[in-house]
Every structure is written in C-alpha cells, then in structure tokens.
Amino acid sequence: MSFLIGEKMTGGYGGADILHDCTIAADQGEIAVIVGPNGAGKSTAMKAVFGMLNIHSGRVMLDGEDITALTPQARVAKGMAFVPQTSNVFPTMSVEENLEMGAFLRRDNIQETIDQVYELFPILGDKRRQNAGELSGGQRQQVAVGRALMTQPKVLMLDEPTAGVSPIVMDELFDRIIEVARTGISILMVEQNARQALDIADKGYVLVQGRNRYTDTGQALMNNPDVRKSFLGG
Amino acid sequence: MELLNALILMANFVLVPALAYGSQLALGALGVTLIYGILRFSNFAHGDTMAFGTMAVILFTWWFQSMGINLGPLPTALLALPFGIAICAGFVLATDKLVYKFYRQQRAAPVIYVIASVGVMFVLNGIVRFIIGPDDQAFADGERFIVRARSFKEWTGLEEGLTIKVSQGITVITAVLVVAALFWFLNRTRTGKSMRAFSDNEDLALLSGINPDKVVMVTWIIAAALATIAGTLYGLDKSFKPFTYFQLLLPIFAAAIVGGLGNPLGAIAGGYVIAFSEIMVTYAYKKFIGYMAPGDWSPDSLLQLLGTNYKFSVSFVILLLVLLLRPTGLFKGKSV
Amino acid sequence: MTMNRNFLYFAIMAVLLVIVGQFQSWNLSLSILNLCLISAIMALGVNIQWGYAGLFNVGIMGFAALGGLAAVLISMPPVPAAWAAGGGGVLLSALAGAATIIGCIVAYAKLPKGRARSAIIVAIGVIGFFIMRGIFVPATDAIESVDAAKTGYLGGLGLPVILAWPIGGLLAGGVAWVIGKITLGLRSDYLAIATLGISEIIVAIMKNEDWMTRGVKNVNGLPRPVPFEIDLQQAEWFQNLSASLGQDVVIFSSIFVKLCYAGLFLAVLLAIFWLSERALKSPWGRMMRAIRDNEVSANAMGKDVTWRHLQVFVLGSMVVGIAGAMLTTLDGQLTPASYQPLRFTFLIWVMVIVGGSGNNMGAVLGGFVVWFFWVEAEPIGIWLMDTLTSGMAEDSGLRAHLLDSAAHMRLMTMGVILLLVLRFSPRGLLPEKTGHH
C-alpha cells in the first residue's frame, strides 16, 4: 500500500457528489500528479484527501493509519501540508514571518528549517524582510511552498502551483518540487499544465467527471496516444 | 516677537489639545481597527465599551480615594486603570461568548455582527447609566498643570501663555507607551504574529494550526484594554459623560477608516488627522491673524470656519471624502 | 395559516389597547394607537431597506427629523420682519455656496490632473466658504434678533401642514440619495457608519440653526390638519353629538381629535402598506430579494446592484421622512432636543426585527407591539423596581438609586430583546413568506 492513499473516495460539498470511487495515491519521495479537463474534480479530489470536504464512502490512509475522520488541521499535525491555489500567503507579513507562521505548531527551533527553505528558494532569503504581498507571482508561490514545508511534512499537496506564472518560472518551480521530492517527501499535485507536470511525475492520474480514467506512470501517460489526443492537445 | 506670540497661541489652542485628543482617538481607533481586522465587523459598541471601562476605572478611583490611596501629583485613576481593564475585558469576553460567538460559528454576514454590536451598545449604555448615572463625573485628582499660562508668560516675557495640563501630558505619554507595546506585541511575539496572520488570511491561518479561539480572545482583551485606556484618558482630559462616549464613535470610526480599516498604523495616523482637522476647523483665527498681520490691524470677524457645535461634522466630512476618493483609506486597509 | 396568525396577533393588539382604554383611559389608549400607527410607518420604511435589500440604516433618527423640519418649513406662517432682516442674505449665501461647489466641480472637470488642480480646487473651496460665511453669519444674526422670544426665525411657507408629509419624504429621500450615492457599493459597514453620522449632524443643525428651526427654543403651535379641541367644545353640532353619546364635551373633544388623527394616519399607513406590498410582489421586488439573498450571483447576472440599493435606500428613507413629518404634526411642535438615537433609530430597528424582517405585515405588527410595550414598560418598570426594593429602608440610598435608574432599564431591555430575537428568532413574529409563487 502507498504511503498516502485516498481510496475509492465518493463525495462532494453537500450537494450532488463530485467524486465517484476516485483513488489517488503517492509514495514517499514520489511525485503524483492529477490532471484532467476543467470540472473533472481534480482540486476536489485533492481537498478530499486533505479532509476539506466530506466523503461518505472510501477512506484516506497515511502511513498505514486511517485519517478519514480527521480535520485538515489535525492532518497538518500528522505531517500533511497543503498549498492552496490562491490566497496562499499572508500578504502584509514579511517572507520570514510567513515561514514562521507555517511552523506555528512546532515548538522546537525552526531556524534550521527556515535556512533549508532559503537554500531551496534563494530569492526568499534575499527578500526575507519584504512583505509577501509585494512579491511577484512566482515568488509568492515560492513563499507558499516554503510556508508549507515549515511543518517538515511527509506529504506536500499543491493545488495548481503554476497557475498564472510565466513558463520560465514554471520550469523553475517544477525543478524545486523535484528537489523537495528527493528529500523523501511525497508530493501530490493538481496541474493545469498537464504535459509539463506529467513530465516530472512518477505517477499520473487522469480524472474525468470525478472518476479515474487513466492511471499510470507519468511517462506512460505521455506516451499513451489516447491520453495525448484527449488531454494533452495531440 | 509677534511671530513668536502667534506660534505660542497656535501651540496652546491647537497643537497641545489636538495632540492629546488625537492620542485618545488613536487609541480608540486602534481598538476598532483590531476588531475589524480579526473579527471582520465594525464594532458599534466600542464607544460604549470605552464608557464601561472608564466607569470601572472611576469606581476604583473613588474607592482608592476613599481609602486615602493616591499617586501624589498623578491622578489616582492611573492606579485604577489595570483594574478597570480587567473588568472591561471580562465583560467584553462575556459578550463575545453570549453574542458574537454564535454568529462566528454560523459564519453570519458582517451586517448581522454590526446589528448585534448595536444591540450590545444599548445594553452597555443601559448598564453604564444604571450604575453611574447619565451625568458628568469628575474623577481627576493630583496636580493639574505641567505648565501654567501665567508662569510661562513670566518666564518667557511673551504676551501669550502656554498651558499644558497633566492630563494632556499623561495622555500623550501613555499613548506612546501603549502603541509601542502593542506594536511590539503584534510584530515580535508569537501570539501577536498569529493575530496578524489571522487578520491577513483566515483560512491559511487555520491551515497553519493557529487557534482561532485564542486569537479572538486575545483580540477582545486588547480591544477592551485600549478602550478603557482611551476612555480614561479622555475622561481625565475632559470629563466623563456616557453620552459623550457614544458620540465619540463617529470620530473614532472616521479615524479608523481614514487610516484604512484593519490597519493599526493607519488608525493612529487617522486619529491625529481627525483631531487636528476638528480643532483647526473650529478654532477662531482672529487673534492669530492679528499677530501675523503687519501693524495693529486685526480682522473684524472671529475667522472661525465652523462653530464648535459642529465639530463632529468635521470627522463626518473627512469620512465621506475618504470614502469618495480612496475607500481603502490612506494606508490601504482591508478590501472594501 | 399565516392569515390566521396575522389576525390573531392584531386581535391581541386590539384587545391590549381596549384594556388600556378601559382601565387607564381612552385618551391614553388613542395616544398609544396614534404613535403605534406612526411607528408602523417608520418600521415599514426601515423594512423596505433592511427586509427587501439588507441595508443597515443607523440614521433613522435623522430622516425622521428631516420630516419634522419639513412640517415647520411648510406649515408655519412666514415671519416678514425676519425675511426683511436677513432673508436675502441667507438666499445669497446659499447661492454663494452653490457657486463654490459648482466652481470646484468645473475646476475638477476642466483642469488637467495634478497638484495645480488640487490647489485651485482647495482655493476655490476655502475662498467660497469664507464669502458664504461672510454673508451668512450677519444675515442669520439679524434674523435671530427679530423678536427672539417669539420668532427669531424665518418661519415657513404657511401652507397646509398635510403638504409637509410628502415634502418631508422628499427631503429625507434627497439626503438619503447623497449618502447612498457615496456609501452604497462599499462594504455594508460604511453605510451604517455614514447614516449614523448624518443623522447626528442633521439633529445638530436643527438644534443650532436658530434662524431655521429656533433651535432648542422649539417651534410651537404648528397648524393642524384637524380641528382644535377648544373650537369643537364651542361648536353646537359637537355639543349635540357628545350629548347624544352621553359623553363629557371636554374629554370627548380630545378623543375626537385623536380619532381624526388616527383616521389620517391609518389612511397613510394603508396607502404605504399597499404600495410596499405591490412593490414587493412586482418583478422589481423579486429582483431586490434575489439581490439580497445572493449579491454575487445577481451581480454576475448583470443586475446593477448598487443602483437598485440606492433606489431602495431612498424609498425607505422617504417613508421614514413622511412618518417623521406626521409625528411632528401630531405633537404640534418641533423639539430638536427630543431626537434621541434610542427612541428614533434603535426602537424602530427593534420593531422591524421583532415584527419579522422582510414581511411588511410583520413590520406593522412590530411597530404596534414594540411601541405599546415601550410606553407601558415605564409604569411596569417603576412598579417592578418599587416592589423589588420594598424590603429596603425608605431612606436607603441604594433604593433611591435603583428607582432613579429604572428609566435606564428600558435601554437595556430593548438591547436584550434585540439580541434575543436576532439570536433565537431571527425571522420575527411574522416571518417573511418564502418559496411562494
């Protein structure tokens, strides 16, 4: 069984179900990417794994433990971290304060982790005293990822981290995400830029209308002519 | 000499009173802006919270006075202040538990909080009048002046005198200390930072494990402390009358909005903007122009822009202008 | 079901008024009824704003005061000596004020943007203000010194006082338009703060501008739309009427006058109620409620939310202004110092919330119930305090304090009622009908 797995999840925001028997999983040090057309339930699937909506059947397991009933906050304490798509920084707080807030639950010395984040994103070290709201879009995403890493999570979940950033910044971000994965953290990511995302993915999930349509390694999906034709624009 | 007299005149009637009044407004506006930033509504009960806290301080002051405890040249009220703050904080926390908490859990629309705060305002209003009555109460004691007009004149040989009351000095010093302490708290402590984070982005703050109940509780305690301090300083400087505190609501809101609701730095600036505008617009410039003009010429009219009866319309006009031209305030408050 | 409920509540109200009539006096009962009717109209106005559109107006007092001002300006006879002394000056200063504002607007529109423009606008404003005040102050001083004990103001137009009711509505509507124009479209808090401010300022103006309202000297003896008791008592037909009913002429004349007022007020209430109901059921009303319930989607559907809110805010304020004019007509005098936020803003809010926001019938019922208990709470409160403290010594300081403070209990009670209804029964006595077709 995978380190993190959302198994046969069915549920929605209270109205009609959005997810149907949907399964998403990621192993340690692995990058798993969820792709699919608009309205396929990609973000919903991720939020279900993080406990932000109710699933009435299926379960979520982390490191062999059933965490289906836990609140998002409790899952953070269990070692999951989530980077929302928008409003993912504290705009009137400095970069460093953003990182400190990320580590709010920790009572030990966090300076080492802060230094690690600055090592990963050197630009943040340069701008540590600047307010996050004043940074460029790409830098803000870095702050958001950095904030999430401050809890020293075992799982990092990213909701469209490259939305609205330039292609160069996107490549840069993906490089950083690979680096993060190499430290043994599982990465679960929803991406609009399916081609580039599958390129770095160990595992890919193609969702359509809340159901698993294709599940394979990133490379295999890229090579699958059906997937290419329907979801990657040929 | 004429010029010096003119400057002293302005300092005596504009600068010193406006500094004191501005400090009082700034402390009041800080409370309003903190509540707005964290709890996301305009607290109409803030003026009456000030009255309530001040009433508690006055009662303790009287008690101390009756026991012969005093601070010498300083007003006994300063000694009573911590006790007043404690009572006010307790009351405010009780209203939060009984009134606002329910709407928070419901995630009610902001206007519902505002209506609820109007209800709280009237309950407070009733309690204060019930306990201490609707009339003026004097509670200032100790030394009255730091600088007296007469001794100032003798000392400088100028025609114009400068008066600085103890209450004015205390107001400015206290305001500086309180603001410094507040900013230290907000910028340097873990709890203070978590409050700023909560104000910035509530969802992300929750994701980061910040405890919303604690943030809300600390915010109410700070707001109650600020309200009590502002109200006591105002009462020492002028006098305590419950209805006046209700009327202070308008300049305080104006100060908070001018500075940008939710922005503490803006609230302080806003307090002084409102105080200086109010006093400068209602000041009669006849004597000042008389000093400034060459020879013995002096204008016939008082040269007063607006009667003092309308002083709170100054804050209202400034409020409307800010809403018209720059609704986020001069210092960029929360989104409108 | 709702029909029965409406009927039941109003029947209870009627019984209460009859009880007061029988056990206290019919005069008192009718006084209460008349103020119930006026309160109901004010509550209707607020319900239009809050119930239809979710606008929170904390300045009801100001709009009611404007209605009262209209009653004076329309109905009182003009004071020729005052007009001769300073009427021209006041008009001239008004012109100067208008010219200043127009000058500022023209400068804003015509000049290129920049510091120079701002400086010129400020200069025009300051100079214009001093010119205006230079004309205004001597003119009003002259007016106020004309027989200050009796007049000392310009008087009104000497028209029938009934005319003041619609004019009062227009006056209130005009001010509402300006306030709404600035604050609607911003966060709801700003409307609340701005209305709080404007109402304080309107009342301050009425207290201090003696040339217009005689300030705290009050304007007494407003013309009436109904006959005077003293004339009735001397009229033969009335003496015959009271004799045939077996009533004392003096008491019956007072009751008769109150009945006349009640008739007039009821007619206005019914007219406004009918119009409000029509509006609520029209496509316009449905759209208003759609906007109230989901502003975001209404905005997305291309509805101009701010413009709709402005309409509703002005209409509601007009209704409050009409009621304010009616109240001053009933009092027969304008007493600027009597405008207290508790009585004129807060109490009306309690009426709307208790009655049932969004439901016109509820607002009317709220007006009746809350006013009735507001009036009757004082004797009840004093009796209660008296009973509670009866165990204490006659000369006990605490007892005297508690008895003195009984009046303040009303503030607290009303606040508590508002909070309780808002919390436990937010839909009020007569909830809004939803899901109807």
# chains A, B, ... in the order shown; residues from 1 in each chain; ligands from 1
>>> residues_around(residues="Phe63 (chain C)", least_positions_apart="5", cutoff="8 Å", atoms="only C-alpha atoms", output="list in words")
Ala172, Ser199, Ser317, Met318, Val320, Gly321 and Gly324 of chain C
>>> interface_residues(of="chain C", to="chain B", cutoff="8 Å", atoms="only C-alpha atoms", output="PyMOL selection string")
chain C and resi 56+130+182-183+186-189+193-194+196-198+201+204-205+208+402+405-406+408-416+418-419+422-423
>>> closest_residue(among="A:Thr68, A:Gln141, A:Ser2, A:Ser136", to="Val83 (chain A)", atoms="only C-alpha atoms")
A:Gln141
>>> select_by_dssp(residues="region 113-207 of chain B", states="strand (DSSP E or B)", output="PyMOL selection string")
chain B and resi 137+145-147+164-165
>>> residues_around(residues="Ala81 (chain A)", least_positions_apart="6", cutoff="6 Å", atoms="only C-alpha atoms", output="PyMOL selection string")
chain A and resi 148+153+156-157
>>> atom_distance(atom1="CA of Gln139 (chain A)", atom2="CA of Thr71 (chain A)")
29.3 Å
>>> residues_around(residues="Val352 (chain C)", least_positions_apart="3", cutoff="7 Å", atoms="only C-alpha atoms", output="list in words")
Ala43, Asn47, Ile348, Trp349, Gly355, Gly356, Ser357, Ala363 and Gly366 of chain C
>>> write_last_selection(atoms="C-alpha atoms", output="mmCIF file, in the first residue's frame")
data_model
loop_
_atom_site.group_PDB
_atom_site.id
_atom_site.type_symbol
_atom_site.label_atom_id
_atom_site.label_comp_id
_atom_site.auth_asym_id
_atom_site.auth_seq_id
_atom_site.Cartn_x
_atom_site.Cartn_y
_atom_site.Cartn_z
ATOM 1 C CA ALA C 43 -40.938 50.399 10.566
ATOM 2 C CA ASN C 47 -38.258 47.174 6.440
ATOM 3 C CA ILE C 348 -37.554 51.287 15.087
ATOM 4 C CA TRP C 349 -34.964 48.610 14.487
ATOM 5 C CA GLY C 355 -42.030 42.023 13.782
ATOM 6 C CA GLY C 356 -40.305 40.000 11.111
ATOM 7 C CA SER C 357 -37.799 41.421 8.644
ATOM 8 C CA ALA C 363 -43.084 45.461 10.375
ATOM 9 C CA GLY C 366 -43.671 45.196 15.275
#
>>> residues_around(residues="Pro242 (chain B)", least_positions_apart="3", cutoff="7 Å", atoms="only C-alpha atoms", output="list in words")
Ala51, Pro134, Tyr245 and Phe246 of chain B
>>> write_last_selection(atoms="C-alpha atoms", output="CSV table (one decimal), in the first residue's frame")
chain,number,residue,atom,x,y,z
B,51,ALA,CA,-17.6,54.3,28.7
B,134,PRO,CA,-26.1,59.7,32.9
B,245,TYR,CA,-18.6,58.4,24.7
B,246,PHE,CA,-21.4,57.3,22.3
>>> closest_atom_pairs(of="chain B", to="chain A", cutoff="10 Å", atoms="only C-alpha atoms", output="tab-separated table")
residue	atom	partner	partner_atom	distance
B:Asn187	CA	A:Glu97	CA	9.1
B:Arg188	CA	A:Glu97	CA	9.8
B:Arg190	CA	A:Phe104	CA	8.2
B:Thr191	CA	A:Phe104	CA	9.7
B:Lys193	CA	A:Glu97	CA	7.7
B:Ser194	CA	A:Met101	CA	6.9
B:Arg196	CA	A:Met93	CA	7.7
B:Ala197	CA	A:Phe90	CA	6.0
B:Phe198	CA	A:Phe90	CA	8.6
B:Ser199	CA	A:Phe90	CA	8.8
B:Asp200	CA	A:Phe90	CA	5.5
B:Asn201	CA	A:Phe90	CA	5.9
B:Glu202	CA	A:Phe90	CA	9.2
B:Asp203	CA	A:Ser87	CA	8.7
B:Leu204	CA	A:Asn88	CA	6.5
B:Ala205	CA	A:Met101	CA	7.7
B:Leu206	CA	A:Gln73	CA	7.0
B:Leu207	CA	A:Gln73	CA	5.8
B:Ser208	CA	A:Gly102	CA	5.3
B:Gly209	CA	A:Gln73	CA	5.8
B:Ile210	CA	A:Phe104	CA	6.7
B:Asn211	CA	A:Leu105	CA	9.8
B:Asn263	CA	A:Thr92	CA	9.9
>>> write_last_selection(atoms="N, CA and C atoms", output="mmCIF file, in the first residue's frame")
data_model
loop_
_atom_site.group_PDB
_atom_site.id
_atom_site.type_symbol
_atom_site.label_atom_id
_atom_site.label_comp_id
_atom_site.auth_asym_id
_atom_site.auth_seq_id
_atom_site.Cartn_x
_atom_site.Cartn_y
_atom_site.Cartn_z
ATOM 1 N N ASN B 187 4.295 42.567 16.366
ATOM 2 C CA ASN B 187 5.376 42.276 15.431
ATOM 3 C C ASN B 187 6.430 41.325 15.972
ATOM 4 N N ARG B 188 6.456 41.157 17.287
ATOM 5 C CA ARG B 188 7.566 40.393 17.853
ATOM 6 C C ARG B 188 7.123 39.112 18.543
ATOM 7 N N ARG B 190 4.829 35.621 19.260
ATOM 8 C CA ARG B 190 4.193 34.547 18.508
ATOM 9 C C ARG B 190 2.678 34.788 18.418
ATOM 10 N N THR B 191 2.062 35.131 19.548
ATOM 11 C CA THR B 191 0.619 35.354 19.554
ATOM 12 C C THR B 191 0.264 36.570 18.698
ATOM 13 N N LYS B 193 1.920 37.798 16.184
ATOM 14 C CA LYS B 193 2.063 37.472 14.763
ATOM 15 C C LYS B 193 0.905 36.609 14.297
ATOM 16 N N SER B 194 0.464 35.697 15.165
ATOM 17 C CA SER B 194 -0.643 34.838 14.739
ATOM 18 C C SER B 194 -1.906 35.675 14.556
ATOM 19 N N ARG B 196 -1.916 38.786 13.432
ATOM 20 C CA ARG B 196 -1.765 39.439 12.121
ATOM 21 C C ARG B 196 -2.030 38.438 11.003
ATOM 22 N N ALA B 197 -1.540 37.211 11.196
ATOM 23 C CA ALA B 197 -1.771 36.197 10.175
ATOM 24 C C ALA B 197 -3.256 35.923 10.017
ATOM 25 N N PHE B 198 -3.952 35.848 11.146
ATOM 26 C CA PHE B 198 -5.393 35.587 11.112
ATOM 27 C C PHE B 198 -6.117 36.715 10.390
ATOM 28 N N SER B 199 -5.682 37.936 10.655
ATOM 29 C CA SER B 199 -6.297 39.088 10.009
ATOM 30 C C SER B 199 -6.014 39.086 8.510
ATOM 31 N N ASP B 200 -4.818 38.658 8.133
ATOM 32 C CA ASP B 200 -4.418 38.648 6.730
ATOM 33 C C ASP B 200 -5.168 37.608 5.918
ATOM 34 N N ASN B 201 -5.260 36.398 6.446
ATOM 35 C CA ASN B 201 -5.755 35.278 5.662
ATOM 36 C C ASN B 201 -6.232 34.201 6.631
ATOM 37 N N GLU B 202 -7.517 34.275 6.940
ATOM 38 C CA GLU B 202 -8.062 33.407 7.980
ATOM 39 C C GLU B 202 -7.893 31.927 7.629
ATOM 40 N N ASP B 203 -8.206 31.558 6.388
ATOM 41 C CA ASP B 203 -8.152 30.137 6.013
ATOM 42 C C ASP B 203 -6.737 29.587 6.140
ATOM 43 N N LEU B 204 -5.791 30.379 5.650
ATOM 44 C CA LEU B 204 -4.412 29.917 5.707
ATOM 45 C C LEU B 204 -3.926 29.845 7.154
ATOM 46 N N ALA B 205 -4.419 30.795 7.988
ATOM 47 C CA ALA B 205 -4.044 30.767 9.397
ATOM 48 C C ALA B 205 -4.539 29.479 10.040
ATOM 49 N N LEU B 206 -5.759 29.078 9.691
ATOM 50 C CA LEU B 206 -6.298 27.833 10.243
ATOM 51 C C LEU B 206 -5.468 26.646 9.772
ATOM 52 N N LEU B 207 -5.097 26.662 8.467
ATOM 53 C CA LEU B 207 -4.270 25.593 7.916
ATOM 54 C C LEU B 207 -2.939 25.504 8.631
ATOM 55 N N SER B 208 -2.442 26.662 9.089
ATOM 56 C CA SER B 208 -1.142 26.663 9.752
ATOM 57 C C SER B 208 -1.252 26.249 11.207
ATOM 58 N N GLY B 209 -2.482 25.946 11.645
ATOM 59 C CA GLY B 209 -2.641 25.462 13.011
ATOM 60 C C GLY B 209 -2.839 26.570 14.031
ATOM 61 N N ILE B 210 -3.119 27.794 13.571
ATOM 62 C CA ILE B 210 -3.375 28.883 14.520
ATOM 63 C C ILE B 210 -4.761 28.676 15.126
ATOM 64 N N ASN B 211 -4.833 28.815 16.449
ATOM 65 C CA ASN B 211 -6.090 28.548 17.147
ATOM 66 C C ASN B 211 -6.987 29.790 17.094
ATOM 67 N N ASN B 263 -5.944 48.408 9.586
ATOM 68 C CA ASN B 263 -4.532 48.751 9.577
ATOM 69 C C ASN B 263 -4.177 49.552 10.840
#
>>> atom_distance(atom1="CA of Ile178 (chain A)", atom2="CA of Ile24 (chain A)")
19.2 Å
>>> closest_residue(among="A:Asn131, A:Gln142, A:Ser166, A:Gln192", to="Ile34 (chain A)", atoms="only C-alpha atoms")
A:Gln192
>>> atom_distance(atom1="CA of Leu158 (chain B)", atom2="CA of Met1 (chain B)")
7.7 Å
>>> select_by_dssp(residues="region 255-428 of chain C", states="alpha helix (DSSP H)", output="JSON, numbers by chain")
{"C": [255, 256, 257, 258, 259, 260, 261, 262, 263, 264, 265, 266, 267, 268, 269, 270, 271, 272, 273, 274, 275, 276, 277, 278, 279, 280, 281, 283, 284, 285, 286, 287, 288, 289, 290, 291, 292, 293, 295, 296, 297, 298, 299, 300, 305, 306, 307, 308, 309, 310, 311, 312, 313, 314, 315, 316, 317, 318, 319, 320, 321, 322, 323, 324, 325, 326, 327, 328, 329, 330, 331, 341, 347, 348, 349, 350, 351, 352, 353, 354, 355, 360, 361, 362, 363, 364, 365, 366, 367, 368, 369, 370, 371, 372, 373, 374, 375, 376, 377, 378, 379, 380, 381, 382, 383, 384, 385, 386, 387, 388, 397, 398, 399, 400, 401, 402, 403, 404, 405, 406, 407, 408, 409, 410, 411, 412, 413, 414, 415, 416, 417, 418, 419, 420, 421, 422, 423, 424]}
>>> residues_around(residues="Ile41 (chain C)", least_positions_apart="3", cutoff="7 Å", atoms="only C-alpha atoms", output="list in words")
Leu37, Ile38, Leu44, Gly45, Leu269, Val319 and Ala323 of chain C
